[in-house]
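Structure file model.csv; described as CSV, C-alpha atoms.
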chain,number,residue,atom,x,y,z
D,1026,MET,CA,-15.0,0.5,20.7
D,1027,THR,CA,-18.0,1.2,18.5
D,1028,THR,CA,-15.6,1.9,15.7
D,1029,VAL,CA,-14.0,-1.5,16.1
D,1030,ALA,CA,-17.4,-3.2,16.3
D,1031,ALA,CA,-18.6,-1.3,13.2
D,1032,PHE,CA,-15.3,-2.2,11.4
D,1033,VAL,CA,-15.7,-5.9,12.2
D,1034,MET,CA,-19.3,-6.0,11.2
D,1035,LEU,CA,-18.9,-4.2,7.9
D,1036,ALA,CA,-15.7,-6.1,7.0
D,1037,LEU,CA,-17.7,-9.3,7.5
D,1038,VAL,CA,-20.7,-8.1,5.5
D,1039,GLY,CA,-18.4,-6.8,2.7
D,1040,THR,CA,-16.5,-10.1,2.5
D,1041,VAL,CA,-19.5,-12.4,2.6
D,1042,VAL,CA,-21.4,-10.4,0.0
D,1043,ARG,CA,-18.4,-10.3,-2.3
D,1044,ALA,CA,-17.8,-14.1,-1.9
D,1045,VAL,CA,-21.4,-15.0,-2.7
D,1046,VAL,CA,-21.7,-12.5,-5.6
D,1047,THR,CA,-18.4,-13.5,-7.2
D,1048,ALA,CA,-18.8,-17.3,-6.6
D,1049,ASN,CA,-18.8,-19.6,-9.7
D,1050,PRO,CA,-17.9,-17.1,-12.5
D,1051,PRO,CA,-19.3,-18.2,-15.8
D,1052,PRO,CA,-16.6,-20.3,-17.5
D,1053,GLY,CA,-15.0,-18.8,-20.6
D,1054,SER,CA,-16.8,-15.4,-20.3
D,1055,ILE,CA,-16.2,-12.1,-18.6
D,1056,PRO,CA,-16.9,-12.4,-14.8
D,1057,TRP,CA,-19.7,-9.8,-15.0
D,1058,ARG,CA,-20.6,-10.0,-11.3
D,1059,THR,CA,-17.1,-9.3,-10.1
D,1060,LEU,CA,-16.9,-6.4,-12.6
D,1061,ALA,CA,-20.3,-5.0,-11.5
D,1062,LEU,CA,-19.4,-5.2,-7.8
D,1063,ASN,CA,-16.0,-3.6,-8.3
D,1064,CYS,CA,-17.5,-0.7,-10.3
D,1065,ALA,CA,-20.4,-0.3,-7.8
D,1066,GLY,CA,-17.9,-0.1,-4.9
D,1067,ALA,CA,-15.7,2.4,-6.8
D,1068,PHE,CA,-18.7,4.5,-7.5
D,1069,VAL,CA,-20.0,4.6,-3.9
D,1070,LEU,CA,-16.5,5.3,-2.5
D,1071,GLY,CA,-16.2,8.2,-5.0
D,1072,TRP,CA,-19.6,9.5,-4.0
D,1073,LEU,CA,-18.8,9.3,-0.3
D,1074,LEU,CA,-15.5,11.1,-0.7
D,1075,GLY,CA,-16.9,13.6,-3.3
D,1076,SER,CA,-18.2,16.0,-0.7
D,1077,PRO,CA,-16.2,17.3,2.3
D,1078,LEU,CA,-19.6,17.6,4.0
D,1079,ARG,CA,-19.8,13.9,4.2
D,1080,HIS,CA,-17.6,12.2,6.7
D,1081,PRO,CA,-17.6,8.5,5.8
D,1082,SER,CA,-16.2,6.4,8.6
D,1083,THR,CA,-13.3,4.1,8.3
D,1084,ALA,CA,-15.7,1.2,8.8
D,1085,MET,CA,-17.7,2.4,5.9
D,1086,THR,CA,-14.9,3.0,3.5
D,1087,VAL,CA,-12.1,0.7,4.5
D,1088,ALA,CA,-14.1,-2.2,5.9
D,1089,LEU,CA,-17.2,-2.3,3.8
D,1090,LEU,CA,-16.2,-0.9,0.4
D,1091,GLY,CA,-12.6,-2.2,0.7
D,1092,SER,CA,-13.8,-5.7,1.4
D,1093,LEU,CA,-16.6,-5.6,-1.1
D,1094,THR,CA,-14.3,-4.8,-3.9
D,1095,THR,CA,-11.3,-6.8,-4.8
D,1096,PHE,CA,-8.1,-6.7,-6.9
D,1097,SER,CA,-6.8,-10.3,-6.4
D,1098,THR,CA,-10.0,-12.0,-7.6
D,1099,VAL,CA,-9.7,-10.0,-10.9
D,1100,ALA,CA,-6.1,-11.4,-11.2
D,1101,GLY,CA,-7.3,-14.9,-10.4
D,1102,GLU,CA,-10.2,-14.8,-12.9
D,1103,THR,CA,-8.0,-13.3,-15.6
D,1104,SER,CA,-5.4,-16.1,-15.1
D,1105,ALA,CA,-8.1,-18.7,-15.3
D,1106,LEU,CA,-9.4,-17.2,-18.6
D,1107,LEU,CA,-5.8,-17.2,-20.0
D,1108,ASP,CA,-5.2,-20.8,-18.8
D,1109,ASP,CA,-8.3,-21.9,-20.6
D,1110,GLY,CA,-7.2,-20.2,-23.8
D,1111,HIS,CA,-9.7,-17.2,-23.7
D,1112,LYS,CA,-7.1,-14.6,-24.4
D,1113,ARG,CA,-9.4,-12.0,-25.8
D,1114,THR,CA,-11.9,-12.3,-23.1
D,1115,ALA,CA,-9.1,-12.0,-20.5
D,1116,ILE,CA,-7.8,-8.8,-22.1
D,1117,ALA,CA,-11.4,-7.4,-22.4
D,1118,TYR,CA,-12.1,-8.2,-18.8
D,1119,VAL,CA,-9.0,-6.3,-17.5
D,1120,GLY,CA,-9.7,-3.4,-19.9
D,1121,LEU,CA,-13.3,-3.2,-18.8
D,1122,THR,CA,-12.4,-3.4,-15.1
D,1123,LEU,CA,-10.0,-0.5,-15.5
D,1124,VAL,CA,-12.1,1.7,-17.8
D,1125,VAL,CA,-15.5,1.2,-16.3
D,1126,GLY,CA,-14.2,1.0,-12.7
D,1127,ILE,CA,-12.2,4.3,-13.0
D,1128,THR,CA,-15.1,5.9,-14.8
D,1129,ALA,CA,-17.4,4.8,-12.0
D,1130,ALA,CA,-15.2,6.3,-9.4
D,1131,ARG,CA,-15.0,9.6,-11.4
D,1132,LEU,CA,-18.8,9.6,-11.8
D,1133,GLY,CA,-19.2,9.0,-8.1
D,1134,LEU,CA,-16.9,11.9,-7.2
D,1135,GLU,CA,-18.6,14.2,-9.7
D,1136,LEU,CA,-22.2,13.3,-8.6
D,1137,GLY,CA,-21.2,13.4,-4.9
D,1138,ALA,CA,-19.7,16.9,-5.1
D,1139,PRO,CA,-22.0,19.5,-3.5
G,124,MET,CA,-27.0,-23.5,0.6
G,125,ASN,CA,-27.6,-21.0,-2.1
G,126,ARG,CA,-26.7,-20.3,-5.7
G,127,SER,CA,-23.1,-19.8,-4.6
G,128,GLY,CA,-22.9,-23.3,-3.1
G,129,PHE,CA,-21.6,-22.1,0.2
G,130,ASP,CA,-23.0,-23.6,3.4
G,131,ARG,CA,-22.8,-21.9,6.8
G,132,ARG,CA,-19.4,-23.3,7.6
G,133,ASP,CA,-18.0,-22.1,4.3
G,134,LEU,CA,-19.4,-18.6,4.9
G,135,ALA,CA,-17.8,-18.6,8.4
G,136,LEU,CA,-14.4,-19.5,7.0
G,137,ILE,CA,-14.7,-16.8,4.3
G,138,ALA,CA,-15.8,-14.3,6.9
G,139,ILE,CA,-12.8,-15.1,9.2
G,140,GLY,CA,-10.3,-14.8,6.3
G,141,GLY,CA,-11.9,-11.6,5.1
G,142,LEU,CA,-11.8,-10.0,8.6
G,143,VAL,CA,-8.1,-10.8,8.9
G,144,GLY,CA,-7.5,-9.5,5.4
G,145,ALA,CA,-9.5,-6.3,5.9
G,146,THR,CA,-7.8,-5.6,9.2
G,147,LEU,CA,-4.4,-6.2,7.8
G,148,ARG,CA,-5.2,-3.8,4.9
G,149,TRP,CA,-6.4,-1.2,7.4
G,150,TRP,CA,-3.3,-1.6,9.5
G,151,ILE,CA,-0.9,-1.4,6.5
G,152,THR,CA,-2.7,1.5,4.7
G,153,ASP,CA,-3.3,3.5,7.9
G,154,LEU,CA,-0.3,2.5,9.9
G,155,ASP,CA,1.0,6.0,10.4
G,156,PRO,CA,-1.3,8.5,8.6
G,157,ALA,CA,1.2,11.3,9.2
G,158,THR,CA,3.7,9.7,6.9
G,159,ASN,CA,1.1,8.2,4.5
G,160,ASP,CA,2.9,8.8,1.3
G,161,GLY,CA,0.0,9.2,-1.1
G,162,GLY,CA,-3.5,8.4,-2.0
G,163,TRP,CA,-6.8,10.0,-1.5
G,164,PHE,CA,-7.0,9.0,2.1
G,165,ALA,CA,-4.0,11.2,2.9
G,166,TYR,CA,-6.2,14.1,2.1
G,167,ALA,CA,-9.6,12.9,3.0
G,168,PRO,CA,-11.5,14.7,5.7
G,169,ASN,CA,-11.9,13.1,9.1
G,170,THR,CA,-8.4,11.7,9.1
G,171,THR,CA,-5.4,13.1,10.9
G,172,ALA,CA,-3.3,13.0,7.7
G,173,THR,CA,-3.1,16.6,6.6
G,174,PRO,CA,0.6,17.5,6.8
G,175,ALA,CA,2.0,19.2,3.7
G,176,GLN,CA,2.7,16.7,1.0
G,177,PRO,CA,6.1,17.2,-0.6
G,178,ALA,CA,4.9,15.9,-3.9
G,179,PRO,CA,2.1,13.8,-5.2
G,180,GLY,CA,3.1,10.3,-4.5
G,181,ILE,CA,2.0,6.9,-5.5
G,182,PRO,CA,-0.2,5.2,-2.9
G,183,TRP,CA,2.5,2.7,-2.0
G,184,ARG,CA,0.6,1.1,0.8
G,185,VAL,CA,-2.5,0.4,-1.2
G,186,LEU,CA,-0.3,-0.9,-4.0
G,187,ALA,CA,1.5,-3.1,-1.5
G,188,VAL,CA,-1.6,-4.8,-0.1
G,189,ASN,CA,-3.0,-5.4,-3.6
G,190,LEU,CA,0.2,-7.0,-4.8
G,191,LEU,CA,0.6,-9.0,-1.6
G,192,GLY,CA,-2.9,-10.4,-1.9
G,193,THR,CA,-2.3,-11.2,-5.6
G,194,PHE,CA,0.9,-13.0,-4.7
G,195,VAL,CA,-0.8,-15.1,-2.0
G,196,LEU,CA,-3.7,-15.8,-4.3
G,197,GLY,CA,-1.3,-17.1,-7.0
G,198,ALA,CA,0.2,-19.5,-4.5
G,199,VAL,CA,-3.2,-20.7,-3.1
G,200,LEU,CA,-4.6,-21.2,-6.6
G,201,VAL,CA,-1.8,-23.6,-7.4
G,202,LEU,CA,-2.3,-25.5,-4.1
G,203,ARG,CA,-6.0,-25.7,-4.8
G,204,SER,CA,-5.4,-28.3,-7.5
G,205,THR,CA,-3.1,-30.4,-5.3
G,206,ALA,CA,-3.6,-32.6,-2.3
G,207,LEU,CA,-2.5,-29.8,0.0
G,208,GLY,CA,-5.2,-27.5,-1.1
G,209,THR,CA,-8.4,-28.3,0.7
G,210,ARG,CA,-11.6,-26.5,-0.1
G,211,ARG,CA,-11.4,-24.9,3.4
G,212,LEU,CA,-8.0,-23.5,2.7
G,213,TRP,CA,-9.1,-22.0,-0.6
G,214,LEU,CA,-12.2,-20.4,1.0
G,215,THR,CA,-10.4,-19.0,4.0
G,216,ILE,CA,-7.2,-17.7,2.3
G,217,GLY,CA,-8.2,-17.3,-1.4
G,218,THR,CA,-11.8,-16.0,-1.2
G,219,GLY,CA,-11.8,-14.5,2.2
G,220,PHE,CA,-8.3,-13.3,3.1
G,221,CYS,CA,-6.9,-12.3,-0.4
G,222,GLY,CA,-10.2,-10.9,-1.6
G,223,SER,CA,-10.5,-8.6,1.4
G,224,LEU,CA,-6.8,-7.8,1.7
G,225,THR,CA,-6.9,-6.4,-1.8
G,226,THR,CA,-9.2,-3.6,-2.9
G,227,PHE,CA,-10.4,-2.0,-6.1
G,228,SER,CA,-12.5,0.9,-4.8
G,229,THR,CA,-9.6,2.8,-3.3
G,230,PHE,CA,-7.4,2.0,-6.3
G,231,ALA,CA,-10.0,3.5,-8.7
G,232,VAL,CA,-10.6,6.6,-6.6
G,233,ASP,CA,-6.9,7.2,-6.2
G,234,ILE,CA,-6.4,7.1,-10.0
G,235,VAL,CA,-9.2,9.6,-10.4
G,236,ALA,CA,-7.9,11.8,-7.6
G,237,TRP,CA,-4.5,12.0,-9.3
G,238,TRP,CA,-5.8,12.4,-12.8
G,239,GLY,CA,-7.9,15.4,-12.0
G,240,PRO,CA,-10.1,16.9,-9.4
G,241,PRO,CA,-13.8,16.5,-9.8
G,242,SER,CA,-15.4,19.7,-11.2
G,243,GLY,CA,-17.8,21.8,-9.1
G,244,PRO,CA,-17.3,24.0,-6.1
G,245,ILE,CA,-15.6,22.4,-3.2
G,246,SER,CA,-16.0,24.1,0.1
G,247,GLU,CA,-13.1,25.5,2.1
G,248,GLY,CA,-11.8,24.2,5.4
G,249,THR,CA,-11.3,20.5,4.7
G,250,GLY,CA,-8.7,18.4,3.1
G,251,LEU,CA,-10.6,18.2,-0.1
G,252,ASP,CA,-10.2,21.8,-1.1
G,253,ASP,CA,-6.5,20.9,-1.6
G,254,PHE,CA,-7.7,19.5,-4.9
G,255,GLN,CA,-9.6,22.5,-6.0
G,256,GLY,CA,-8.9,23.6,-9.6
G,257,PHE,CA,-6.6,26.7,-9.4
G,258,GLY,CA,-6.0,28.4,-12.7
G,259,ASP,CA,-3.8,26.2,-14.8
G,260,GLY,CA,-2.8,24.1,-11.9
G,261,TRP,CA,-4.1,22.9,-8.5
G,262,THR,CA,-3.2,23.8,-5.0
G,263,VAL,CA,-2.2,21.1,-2.6
G,264,ASN,CA,-1.9,22.3,0.9
G,265,GLY,CA,-1.3,25.8,-0.4
G,266,LEU,CA,1.3,24.8,-2.9
G,267,TRP,CA,0.6,25.1,-6.6
G,268,ARG,CA,1.1,21.9,-8.5
G,269,ASP,CA,1.3,21.2,-12.1
G,270,PRO,CA,-1.5,18.8,-13.1
G,271,ALA,CA,0.9,17.0,-15.5
G,272,GLU,CA,2.8,16.0,-12.4
G,273,PHE,CA,-0.2,14.3,-10.9
G,274,ARG,CA,-1.2,12.7,-14.2
G,275,ARG,CA,2.2,11.2,-14.6
G,276,THR,CA,1.8,9.7,-11.1
G,277,ALA,CA,-1.6,8.3,-12.0
G,278,ILE,CA,-0.2,6.6,-15.1
G,279,LEU,CA,2.7,5.3,-13.2
G,280,TYR,CA,0.5,4.0,-10.4
G,281,LEU,CA,-1.8,2.3,-12.9
G,282,ALA,CA,1.2,0.7,-14.7
G,283,LEU,CA,2.8,-0.4,-11.5
G,284,SER,CA,-0.4,-2.0,-10.4
G,285,LEU,CA,-0.9,-3.9,-13.6
G,286,ILE,CA,2.7,-5.0,-14.1
G,287,GLY,CA,3.1,-5.6,-10.4
G,288,ALA,CA,0.0,-7.8,-10.4
G,289,VAL,CA,1.4,-10.0,-13.2
G,290,VAL,CA,4.8,-10.3,-11.4
G,291,ALA,CA,3.2,-11.0,-8.0
G,292,PHE,CA,0.8,-13.5,-9.4
G,293,VAL,CA,3.5,-15.4,-11.3
G,294,ALA,CA,5.8,-15.3,-8.3
G,295,GLY,CA,3.0,-16.6,-6.1
G,296,ARG,CA,2.4,-19.5,-8.5
G,297,ARG,CA,6.0,-20.4,-8.4
G,298,LEU,CA,5.9,-20.5,-4.6
G,299,GLY,CA,2.8,-22.6,-4.7
G,300,LYS,CA,4.5,-25.1,-7.1
G,301,ALA,CA,7.6,-25.2,-4.9
G,302,VAL,CA,5.5,-25.9,-1.8
G,303,ALA,CA,3.4,-28.5,-3.6
G,304,ARG,CA,6.5,-30.4,-4.8
Have the structure of the file written as structure tokens, please.
Amino acid sequence: MTTVAAFVMLALVGTVVRAVVTANPPPGSIPWRTLALNCAGAFVLGWLLGSPLRHPSTAMTVALLGSLTTFSTVAGETSALLDDGHKRTAIAYVGLTLVVGITAARLGLELGAP
Amino acid sequence: MNRSGFDRRDLALIAIGGLVGATLRWWITDLDPATNDGGWFAYAPNTTATPAQPAPGIPWRVLAVNLLGTFVLGAVLVLRSTALGTRRLWLTIGTGFCGSLTTFSTFAVDIVAWWGPPSGPISEGTGLDDFQGFGDGWTVNGLWRDPAEFRRTAILYLALSLIGAVVAFVAGRRLGKAVAR
């Protein structure tokens, strides 16, 4: 029961924080706030899973970090950039999300390892 | 009200959509851990998923939720600019549900997990030592694996996520246009 309560709580927190942080992306430029949030979430998840000594709960990983980070918003923002003719910015955004996000996850796993 | 322009009612709608999305993601990705076909969580400690993995697999379930959320978002984005798409629909389904159904953190960690294990000593007795560097390869549940096999999977997963996202988004848009017509 406490697991369910924690899951609900953290899913709500993750969702609302993400919604507020990613709201109103700057038109025509890279949505930096979404990028930062996704990279931060990837880093923290890597850090939490980096050590077998840590036992992050499902609420922590799936509910909080899963809801805090997003894949669909990146797709939506990229599509908006393309629709407005900002092709280079769109490509840069997807590239940065992949490179910086995956690097952040790697860094988290490295630094989190005992 | 705040910088984001959301009032309390907006935040409540976003939260409800997000809770449904996150729960659905949990249900899909953790439906039956014993048969979970890939991904870091199949190996992570504190889960029941530790049966021998036949081969490094693509995290199909995570891929599925990401593409499903992208598909729905494509449809909702089209409806947003029509009479059918109210602000509340957008906040609940687009921002809340799709945003929380899809995830980037697991995606990024899975790519890294398949690309190569983090360096440094990893203690015995948990699922994570399955990723320990082992000579020229790694051991996964006692079986030696060729790192190239994992790396191919990582690249395939990345490619499927990118191409799949474009396909899902375009398909979602088409659905949205068909509904709006």
Wanna dump the chain D-chain G contacts at 8 Å for me, each residue with its shortest atom pair and the distance in Å to one decimal, counting all atoms listed in the file, ordered by chain and number, as a tab-separated table?
residue	atom	partner	partner_atom	distance
D:Val1033	CA	G:Leu142	CA	6.7
D:Ala1036	CA	G:Leu142	CA	5.7
D:Leu1037	CA	G:Ala138	CA	5.4
D:Thr1040	CA	G:Gly141	CA	5.5
D:Val1041	CA	G:Ala138	CA	6.0
D:Ala1044	CA	G:Thr218	CA	6.3
D:Val1045	CA	G:Ser127	CA	5.4
D:Val1046	CA	G:Ser127	CA	7.5
D:Ala1048	CA	G:Ser127	CA	5.4
D:Asn1049	CA	G:Ser127	CA	6.7
D:Asn1063	CA	G:Phe227	CA	6.2
D:Cys1064	CA	G:Ser228	CA	7.6
D:Gly1066	CA	G:Ser228	CA	5.5
D:Ala1067	CA	G:Ser228	CA	4.1
D:Phe1068	CA	G:Ser228	CA	7.7
D:Leu1070	CA	G:Ser228	CA	6.4
D:Gly1071	CA	G:Val232	CA	6.0
D:Leu1074	CA	G:Ala167	CA	7.2
D:Gly1075	CA	G:Pro241	CA	7.8
D:Ser1076	CA	G:Ile245	CA	7.3
D:Pro1077	CA	G:Leu251	CA	6.2
D:His1080	CA	G:Asn169	CA	6.2
D:Ser1082	CA	G:Asn169	CA	8.0
D:Val1087	CA	G:Trp149	CA	6.7
D:Ala1088	CA	G:Ala145	CA	6.2
D:Leu1090	CA	G:Ser228	CA	6.6
D:Gly1091	CA	G:Thr226	CA	5.1
D:Ser1092	CA	G:Ser223	CA	4.4
D:Leu1093	CA	G:Ser223	CA	7.2
D:Thr1094	CA	G:Phe227	CA	5.3
D:Thr1095	CA	G:Thr226	CA	4.3
D:Phe1096	CA	G:Thr226	CA	5.2
D:Ser1097	CA	G:Thr193	CA	4.7
D:Thr1098	CA	G:Gly222	CA	6.1
D:Ala1100	CA	G:Thr193	CA	6.8
D:Gly1101	CA	G:Leu196	CA	7.1
D:Leu1123	CA	G:Ala231	CA	7.9
D:Gly1126	CA	G:Ala231	CA	6.3
D:Ile1127	CA	G:Ala231	CA	4.9
D:Ala1130	CA	G:Val232	CA	5.4
D:Arg1131	CA	G:Val235	CA	5.9
D:Leu1134	CA	G:Pro241	CA	6.1
D:Glu1135	CA	G:Pro241	CA	5.3
D:Ala1138	CA	G:Gly243	CA	6.6
D:Pro1139	CA	G:Pro244	CA	7.0
- Can you list, as a list in words, every protein, DNA or RNA residue that comes within 10 Å of Val201 (chain G) when you count only C-alpha atoms, leaving out same-chain residues fewer than 4 positions away? Leu196, Gly197, Thr205, Leu207, Gly208, Gly295, Arg296, Arg297, Leu298, Gly299, Lys300, Ala301, Val302 and Ala303 of chain G
- Query: To one decimal place, how far is CA of Ala1117 (chain D) from CA of Pro1052 (chain D) in Å?
  - Reply: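 Between these atoms lies a distance of 14.7 Å.
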- Point-to-point distance from CA of Arg304 (chain G) to CA of Val199 (chain G), Å rounded to tenths: 13.8 Å
- Message: What's around Ser1054 (chain D) at 9 Å? Count all atoms listed in the file, leave out sequence neighbours fewer than 2 positions away in its own chain, and write the answer as a ChimeraX atom specification.
- Response: /D:1050-1052,1056-1057,1106,1111,1114-1115,1118
Requested write-out: C-alpha atoms of the selected residues, as an mmCIF file, keeping the file's coordinate frame:
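This is the output file part.cif:
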data_model
loop_
_atom_site.group_PDB
_atom_site.id
_atom_site.type_symbol
_atom_site.label_atom_id
_atom_site.label_comp_id
_atom_site.auth_asym_id
_atom_site.auth_seq_id
_atom_site.Cartn_x
_atom_site.Cartn_y
_atom_site.Cartn_z
ATOM 1 C CA PRO D 1050 -17.900 -17.100 -12.500
ATOM 2 C CA PRO D 1051 -19.300 -18.200 -15.800
ATOM 3 C CA PRO D 1052 -16.600 -20.300 -17.500
ATOM 4 C CA PRO D 1056 -16.900 -12.400 -14.800
ATOM 5 C CA TRP D 1057 -19.700 -9.800 -15.000
ATOM 6 C CA LEU D 1106 -9.400 -17.200 -18.600
ATOM 7 C CA HIS D 1111 -9.700 -17.200 -23.700
ATOM 8 C CA THR D 1114 -11.900 -12.300 -23.100
ATOM 9 C CA ALA D 1115 -9.100 -12.000 -20.500
ATOM 10 C CA TYR D 1118 -12.100 -8.200 -18.800
#
- Point-to-point distance from CA of Arg1058 (chain D) to CA of Trp150 (chain G), Å rounded to tenths: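 CA of Arg1058 (chain D) sits 28.3 Å away from CA of Trp150 (chain G).
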